[in-house]
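One file, run.pdb, carrying PDB, C-alpha atoms:
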ATOM      1  CA  SER A   1     -22.178  -0.122  10.324
ATOM      2  CA  SER A   2     -22.185   2.720  12.817
ATOM      3  CA  HIS A   3     -24.517   1.080  15.345
ATOM      4  CA  ILE A   4     -21.888  -1.519  16.171
ATOM      5  CA  HIS A   5     -19.525   0.899  17.861
ATOM      6  CA  ARG A   6     -22.256   2.967  19.520
ATOM      7  CA  ARG A   7     -23.633   0.269  21.789
ATOM      8  CA  PRO A   8     -23.495   1.167  25.489
ATOM      9  CA  ILE A   9     -20.594  -0.190  27.500
ATOM     10  CA  GLY A  10     -22.860  -1.336  30.318
ATOM     11  CA  SER A  11     -21.040  -2.872  33.262
ATOM     12  CA  VAL A  12     -17.531  -2.413  31.859
ATOM     13  CA  SER A  13     -15.581  -0.283  34.309
ATOM     14  CA  SER A  14     -12.014   0.679  35.067
ATOM     15  CA  SER A  15     -12.060  -1.072  38.453
ATOM     16  CA  SER A  16      -9.659  -3.765  37.282
ATOM     17  CA  LEU A  17      -7.155  -1.155  36.123
ATOM     18  CA  SER A  18      -6.391  -0.095  39.696
ATOM     19  CA  SER A  19      -5.747  -3.666  40.821
ATOM     20  CA  LEU A  20      -3.599  -4.220  37.750
ATOM     21  CA  SER A  21      -1.434  -1.198  38.563
ATOM     22  CA  SER A  22      -0.708  -2.327  42.111
ATOM     23  CA  THR A  23       0.877  -5.574  40.954
ATOM     24  CA  ALA A  24       2.371  -4.707  37.571
ATOM     25  CA  SER A  25       4.757  -2.149  39.043
ATOM     26  CA  SER A  26       5.998  -4.509  41.762
ATOM     27  CA  ASN A  27       6.702  -7.583  39.649
ATOM     28  CA  SER A  28      10.045  -8.858  38.367
ATOM     29  CA  GLU A  29      12.984  -6.610  37.486
ATOM     30  CA  ASP A  30      12.189  -6.288  33.805
ATOM     31  CA  THR A  31       8.986  -4.335  34.553
ATOM     32  CA  THR A  32      11.268  -1.339  35.103
ATOM     33  CA  LYS A  33      11.791  -1.314  31.335
ATOM     34  CA  ILE A  34       8.053  -1.549  30.680
ATOM     35  CA  ALA A  35       5.517   1.252  31.051
ATOM     36  CA  SER A  36       3.179   0.923  34.041
ATOM     37  CA  ILE A  37      -0.594   0.890  33.747
ATOM     38  CA  GLU A  38      -0.635   4.462  35.076
ATOM     39  CA  GLU A  39       1.701   5.597  32.300
ATOM     40  CA  ILE A  40      -0.409   3.877  29.636
ATOM     41  CA  THR A  41      -3.753   5.220  30.858
ATOM     42  CA  SER A  42      -2.287   8.704  31.196
ATOM     43  CA  PHE A  43      -0.815   8.556  27.679
ATOM     44  CA  ALA A  44      -4.119   7.239  26.315
ATOM     45  CA  SER A  45      -6.124   9.965  28.067
ATOM     46  CA  SER A  46      -3.829  12.713  26.765
ATOM     47  CA  ASN A  47      -4.461  11.354  23.260
ATOM     48  CA  GLY A  48      -8.242  11.191  23.484
ATOM     49  CA  VAL A  49      -8.680   7.550  24.537
ATOM     50  CA  GLU A  50     -10.170   6.134  27.730
ATOM     51  CA  LEU A  51      -9.245   2.526  28.514
ATOM     52  CA  LYS A  52     -11.518   0.031  30.262
ATOM     53  CA  PHE A  53     -10.445  -3.386  31.509
ATOM     54  CA  THR A  54     -12.379  -6.208  33.146
ATOM     55  CA  THR A  55     -11.786  -9.850  33.989
ATOM     56  CA  SER A  56     -14.024 -12.844  34.567
ATOM     57  CA  GLY A  57     -12.223 -15.984  35.686
ATOM     58  CA  PRO A  58      -9.447 -16.643  33.157
ATOM     59  CA  GLY A  59     -11.139 -14.307  30.663
ATOM     60  CA  TYR A  60     -10.308 -10.654  30.096
ATOM     61  CA  ARG A  61     -11.695  -7.774  28.066
ATOM     62  CA  GLY A  62     -10.010  -4.500  27.136
ATOM     63  CA  VAL A  63     -11.990  -1.668  25.569
ATOM     64  CA  ALA A  64     -11.005   1.733  24.186
ATOM     65  CA  VAL A  65     -13.598   4.500  24.033
ATOM     66  CA  ALA A  66     -13.365   8.078  22.805
ATOM     67  CA  LYS A  67     -12.611  10.302  25.788
ATOM     68  CA  ASN A  68     -14.995  13.003  24.630
ATOM     69  CA  ASP A  69     -17.766  10.513  23.766
ATOM     70  CA  PRO A  70     -17.692   7.490  26.120
ATOM     71  CA  GLU A  71     -20.418   5.702  24.152
ATOM     72  CA  ASN A  72     -18.196   5.658  21.080
ATOM     73  CA  ILE A  73     -16.323   2.345  21.321
ATOM     74  CA  LEU A  74     -13.151   2.547  19.231
ATOM     75  CA  GLY A  75     -12.175  -1.092  19.641
ATOM     76  CA  TYR A  76     -11.776  -4.029  21.967
ATOM     77  CA  ILE A  77      -9.749  -7.149  22.693
ATOM     78  CA  GLU A  78     -11.086 -10.284  24.380
ATOM     79  CA  GLY A  79      -9.312 -13.460  25.355
ATOM     80  CA  PHE A  80      -8.236 -15.660  28.217
ATOM     81  CA  ILE A  81      -5.237 -17.059  30.037
ATOM     82  CA  ARG A  82      -4.775 -20.650  28.933
ATOM     83  CA  PRO A  83      -5.054 -23.128  31.787
ATOM     84  CA  ALA A  84      -2.081 -25.108  30.482
ATOM     85  CA  GLY A  85       1.129 -23.303  29.663
ATOM     86  CA  LYS A  86       2.084 -19.672  30.117
ATOM     87  CA  ILE A  87       0.177 -18.351  27.122
ATOM     88  CA  LEU A  88      -2.078 -15.309  26.831
ATOM     89  CA  HIS A  89      -4.725 -16.207  24.246
ATOM     90  CA  ALA A  90      -6.147 -13.185  22.393
ATOM     91  CA  ASP A  91      -9.409 -14.423  20.917
ATOM     92  CA  LYS A  92     -11.055 -11.346  19.412
ATOM     93  CA  MET A  93      -9.461  -8.080  18.358
ATOM     94  CA  GLU A  94     -11.330  -5.403  16.491
ATOM     95  CA  ILE A  95     -10.969  -1.691  15.783
ATOM     96  CA  PHE A  96     -14.074   0.019  14.385
ATOM     97  CA  LYS A  97     -13.234   2.353  11.501
ATOM     98  CA  PRO A  98     -16.602   4.185  11.642
ATOM     99  CA  ALA A  99     -15.926   4.883  15.321
ATOM    100  CA  LEU A 100     -12.479   6.297  14.537
ATOM    101  CA  ASN A 101     -13.911   8.485  11.796
ATOM    102  CA  SER A 102     -16.621   9.746  14.137
ATOM    103  CA  ALA A 103     -14.075  10.513  16.861
ATOM    104  CA  ARG A 104     -11.840  12.387  14.424
ATOM    105  CA  GLN A 105     -14.675  14.832  13.761
ATOM    106  CA  THR A 106     -14.396  15.951  17.382
ATOM    107  CA  GLY A 107     -10.621  16.238  17.589
ATOM    108  CA  PHE A 108      -9.381  12.652  17.991
ATOM    109  CA  THR A 109      -5.932  12.343  16.403
ATOM    110  CA  GLY A 110      -5.409   8.578  16.267
ATOM    111  CA  GLY A 111      -4.396   7.400  19.719
ATOM    112  CA  GLY A 112      -0.923   8.914  19.992
ATOM    113  CA  THR A 113       1.148   6.445  17.943
ATOM    114  CA  PHE A 114       1.241   5.078  14.402
ATOM    115  CA  LEU A 115      -0.212   1.804  15.723
ATOM    116  CA  GLY A 116      -3.422   3.516  16.835
ATOM    117  CA  PRO A 117      -5.679   2.710  19.800
ATOM    118  CA  GLY A 118      -5.152  -1.027  19.275
ATOM    119  CA  LEU A 119      -1.707  -0.721  20.865
ATOM    120  CA  LEU A 120      -3.187   0.927  23.966
ATOM    121  CA  ILE A 121      -5.861  -1.733  24.478
ATOM    122  CA  ALA A 122      -3.378  -4.546  23.915
ATOM    123  CA  PHE A 123      -0.840  -3.006  26.303
ATOM    124  CA  VAL A 124      -3.316  -3.204  29.188
ATOM    125  CA  CYS A 125      -4.282  -6.785  28.300
ATOM    126  CA  PHE A 126      -0.656  -7.862  27.966
ATOM    127  CA  LEU A 127       0.234  -6.361  31.354
ATOM    128  CA  HIS A 128      -2.586  -8.454  32.803
ATOM    129  CA  GLY A 129      -1.120 -11.566  31.186
ATOM    130  CA  LYS A 130       2.375 -10.742  32.419
ATOM    131  CA  GLU A 131       1.302 -10.293  36.036
ATOM    132  CA  ASN A 132      -0.504 -13.644  35.852
ATOM    133  CA  GLY A 133       2.595 -15.534  34.760
ATOM    134  CA  CYS A 134       2.120 -15.541  30.986
ATOM    135  CA  GLU A 135       5.274 -15.359  28.909
ATOM    136  CA  VAL A 136       3.866 -15.585  25.365
ATOM    137  CA  VAL A 137       0.876 -14.129  23.523
ATOM    138  CA  GLU A 138      -0.863 -15.924  20.649
ATOM    139  CA  PHE A 139      -3.631 -14.829  18.299
ATOM    140  CA  LEU A 140      -4.969 -15.506  14.836
ATOM    141  CA  ALA A 141      -4.910 -12.825  12.146
ATOM    142  CA  ILE A 142      -8.205 -13.756  10.494
ATOM    143  CA  ASP A 143      -8.191 -14.306   6.736
ATOM    144  CA  ASP A 144     -11.511 -12.827   5.586
ATOM    145  CA  ALA A 145     -10.150 -11.383   2.351
ATOM    146  CA  GLU A 146      -6.678 -11.726   0.845
ATOM    147  CA  PHE A 147      -5.961  -8.001   0.532
ATOM    148  CA  GLN A 148      -7.138  -7.228   4.066
ATOM    149  CA  HIS A 149      -5.291 -10.256   5.452
ATOM    150  CA  LYS A 150      -1.985  -9.073   3.989
ATOM    151  CA  ARG A 151      -2.533  -5.641   5.534
ATOM    152  CA  LEU A 152      -3.221  -7.258   8.903
ATOM    153  CA  ILE A 153      -0.024  -9.298   8.716
ATOM    154  CA  ARG A 154       2.016  -6.185   7.892
ATOM    155  CA  TYR A 155       0.420  -4.299  10.780
ATOM    156  CA  TYR A 156       1.104  -7.063  13.312
ATOM    157  CA  LYS A 157       4.679  -7.550  12.113
ATOM    158  CA  THR A 158       5.260  -3.810  12.490
ATOM    159  CA  ALA A 159       3.805  -4.082  15.995
ATOM    160  CA  GLY A 160       6.388  -6.738  16.854
ATOM    161  CA  PHE A 161       4.758 -10.123  16.224
ATOM    162  CA  LYS A 162       6.026 -13.158  14.318
ATOM    163  CA  GLU A 163       4.215 -15.480  11.940
ATOM    164  CA  VAL A 164       3.945 -19.086  13.151
ATOM    165  CA  ARG A 165       1.925 -20.805  10.418
ATOM    166  CA  TYR A 166      -1.154 -20.453   8.275
ATOM    167  CA  VAL A 167      -4.287 -22.173   9.584
ATOM    168  CA  GLY A 168      -6.259 -23.224   6.519
ATOM    169  CA  GLU A 169      -8.942 -25.637   5.388
ATOM    170  CA  GLU A 170      -6.771 -28.761   5.291
ATOM    171  CA  LEU A 171      -7.287 -31.789   7.508
ATOM    172  CA  LYS A 172      -4.133 -31.073   9.486
ATOM    173  CA  ASP A 173      -5.526 -27.630  10.377
ATOM    174  CA  ILE A 174      -8.721 -28.914  12.045
ATOM    175  CA  PRO A 175      -7.328 -28.788  15.631
ATOM    176  CA  ASP A 176      -6.211 -25.176  15.154
ATOM    177  CA  ARG A 177      -9.505 -24.200  13.526
ATOM    178  CA  LEU A 178     -11.361 -25.616  16.513
ATOM    179  CA  VAL A 179      -9.232 -23.484  18.828
ATOM    180  CA  TRP A 180      -9.410 -20.282  16.791
ATOM    181  CA  GLY A 181     -12.749 -20.608  15.033
ATOM    182  CA  GLY A 182     -11.544 -19.791  11.547
ATOM    183  CA  CYS A 183      -8.722 -19.552   9.028
ATOM    184  CA  GLY A 184      -5.832 -17.144   9.198
ATOM    185  CA  THR A 185      -2.214 -16.693  10.217
ATOM    186  CA  LEU A 186      -1.199 -17.669  13.730
ATOM    187  CA  MET A 187       0.948 -14.916  15.263
ATOM    188  CA  THR A 188       2.985 -14.902  18.463
ATOM    189  CA  ASN A 189       5.809 -13.366  20.442
ATOM    190  CA  GLU A 190       7.120 -13.051  23.979
ATOM    191  CA  LEU A 191       5.162 -10.590  26.103
ATOM    192  CA  ASP A 192       8.231  -8.861  27.537
ATOM    193  CA  GLY A 193       9.741  -8.171  24.126
ATOM    194  CA  VAL A 194       6.512  -6.734  22.726
ATOM    195  CA  LEU A 195       5.837  -4.604  25.816
ATOM    196  CA  GLN A 196       9.372  -3.229  25.781
ATOM    197  CA  LYS A 197       9.049  -2.329  22.079
ATOM    198  CA  TRP A 198       5.706  -0.636  22.700
ATOM    199  CA  THR A 199       7.086   1.228  25.721
ATOM    200  CA  ARG A 200       9.795   2.721  23.494
ATOM    201  CA  ILE A 201       7.165   3.707  20.904
ATOM    202  CA  ILE A 202       4.926   5.353  23.513
ATOM    203  CA  ARG A 203       7.733   7.200  25.252
ATOM    204  CA  GLY A 204       9.075   8.341  21.908
ATOM    205  CA  ALA A 205       5.629   9.657  20.990
ATOM    206  CA  SER A 206       5.318  11.323  24.409
ATOM    207  CA  GLY A 207       8.589  13.144  23.811
ATOM    208  CA  LYS A 208       7.408  14.372  20.415
ATOM    209  CA  ASN A 209       4.117  15.535  21.915
ATOM    210  CA  MET A 210       5.948  17.556  24.567
ATOM    211  CA  GLU A 211       8.121  19.192  21.918
ATOM    212  CA  ASN A 212       5.082  20.312  19.894
TER     213      ASN A 212
END
Could you quickly redo this structure as structure tokens?
Amino acid sequence: SSHIHRRPIGSVSSSSLSSLSSTASSNSEDTTKIASIEEITSFASSNGVELKFTTSGPGYRGVAVAKNDPENILGYIEGFIRPAGKILHADKMEIFKPALNSARQTGFTGGGTFLGPGLLIAFVCFLHGKENGCEVVEFLAIDDAEFQHKRLIRYYKTAGFKEVRYVGEELKDIPDRLVWGGCGTLMTNELDGVLQKWTRIIRGASGKNMEN
């Protein structure tokens, strides 16, 4: 329903983005292949999306709002850095279709790439994980309905993720269900590989936009 994506953002601000940019650009050598936070926020802004990012302890939250209507929340990602291991845990990921439809009525064109605003939110969150020593991202593609689940899997594979296993209702799946809170397909990949792929997509889209 439309009220979900219209709730006020409240205390969410872009303050964490500035601190993220100061460290992401000065990290290890392979960051030279990966877009900086400034490049991502600039690309997002030029395509009608404003990005917000906040942290609380090991937790993080990335939000995308329509640039021309800041109360219109297009989507969000929440998660945390696991205390053991170098894993970025993405707990909740949601894009609100009614919000996208509303934004399109005022000129929003989809977020600049074929992967939509979800890529932009995730990019910021993944940079945060990378600068905090994470090497891998994990999340569960929730299985609410078979048709929708298959679409989700296709989308995430296109975005650069790999299937690990299906978390179902069986006894052996109980530990995973406790971690993830439901059934679905566990997806993963290395942060660097995904960020490099997304950097190529964004820079390719930027080049096309300049040509038009």
Residues returned when the PyMOL selection byres ((chain A and resi 70) around 10) runs on this file, as a PyMOL selection string = chain A and resi 6+8-9+49-50+64-69+71-74
Next, dump the selected residues to file, keeping only C-alpha atoms, as a compact mmCIF listing (two decimals), in the coordinates of the input.
# COMPACT_ATOMS: atom_id res chain seq x y z
CA ARG A 6 -22.26 2.97 19.52
CA PRO A 8 -23.50 1.17 25.49
CA ILE A 9 -20.59 -0.19 27.50
CA VAL A 49 -8.68 7.55 24.54
CA GLU A 50 -10.17 6.13 27.73
CA ALA A 64 -11.00 1.73 24.19
CA VAL A 65 -13.60 4.50 24.03
CA ALA A 66 -13.36 8.08 22.80
CA LYS A 67 -12.61 10.30 25.79
CA ASN A 68 -15.00 13.00 24.63
CA ASP A 69 -17.77 10.51 23.77
CA GLU A 71 -20.42 5.70 24.15
CA ASN A 72 -18.20 5.66 21.08
CA ILE A 73 -16.32 2.35 21.32
CA LEU A 74 -13.15 2.55 19.23
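In terms of minimum interatomic distance to Ala90 of chain A, A:Thr188 ranks closest within A:Thr199, A:Thr113, A:Ser206, A:Thr188, counting all atoms listed in the file.
The residue that comes closest to Leu120 of chain A, out of A:Tyr76, A:Phe108, A:Phe96, A:Trp180 and on the basis of all atoms listed in the file, is A:Tyr76.
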Answer key for the PyMOL selection byres ((chain A and resi 94) around 8), residues as a ChimeraX atom specification | /A:75-77,92-93,95-96
On this structure, the PyMOL selection byres ((chain A and resi 194) around 12) would catch which residues? List them as a compact mmCIF listing (two decimals) with C-alpha atoms, in the frame of the given file, sorted by chain and number.
# COMPACT_ATOMS: atom_id res chain seq x y z
CA LYS A 33 11.79 -1.31 31.34
CA ILE A 34 8.05 -1.55 30.68
CA ALA A 35 5.52 1.25 31.05
CA LEU A 119 -1.71 -0.72 20.86
CA ALA A 122 -3.38 -4.55 23.92
CA PHE A 123 -0.84 -3.01 26.30
CA PHE A 126 -0.66 -7.86 27.97
CA LEU A 127 0.23 -6.36 31.35
CA LYS A 130 2.38 -10.74 32.42
CA GLU A 135 5.27 -15.36 28.91
CA VAL A 136 3.87 -15.58 25.36
CA VAL A 137 0.88 -14.13 23.52
CA GLU A 138 -0.86 -15.92 20.65
CA TYR A 156 1.10 -7.06 13.31
CA LYS A 157 4.68 -7.55 12.11
CA THR A 158 5.26 -3.81 12.49
CA ALA A 159 3.80 -4.08 16.00
CA GLY A 160 6.39 -6.74 16.85
CA PHE A 161 4.76 -10.12 16.22
CA LYS A 162 6.03 -13.16 14.32
CA THR A 188 2.98 -14.90 18.46
CA ASN A 189 5.81 -13.37 20.44
CA GLU A 190 7.12 -13.05 23.98
CA LEU A 191 5.16 -10.59 26.10
CA ASP A 192 8.23 -8.86 27.54
CA GLY A 193 9.74 -8.17 24.13
CA LEU A 195 5.84 -4.60 25.82
CA GLN A 196 9.37 -3.23 25.78
CA LYS A 197 9.05 -2.33 22.08
CA TRP A 198 5.71 -0.64 22.70
CA THR A 199 7.09 1.23 25.72
CA ARG A 200 9.80 2.72 23.49
CA ILE A 201 7.16 3.71 20.90
Would you mind listing what lies within 10 Å of segment 140-147 of chain A as JSON, numbers by chain, with only C-alpha atoms counted and same-chain residues fewer than 2 positions away left out?
-> {"A": [89, 90, 91, 92, 93, 138, 149, 150, 151, 152, 153, 156, 163, 164, 165, 166, 167, 168, 176, 177, 179, 180, 181, 182, 183, 184, 185, 186, 187, 188]}
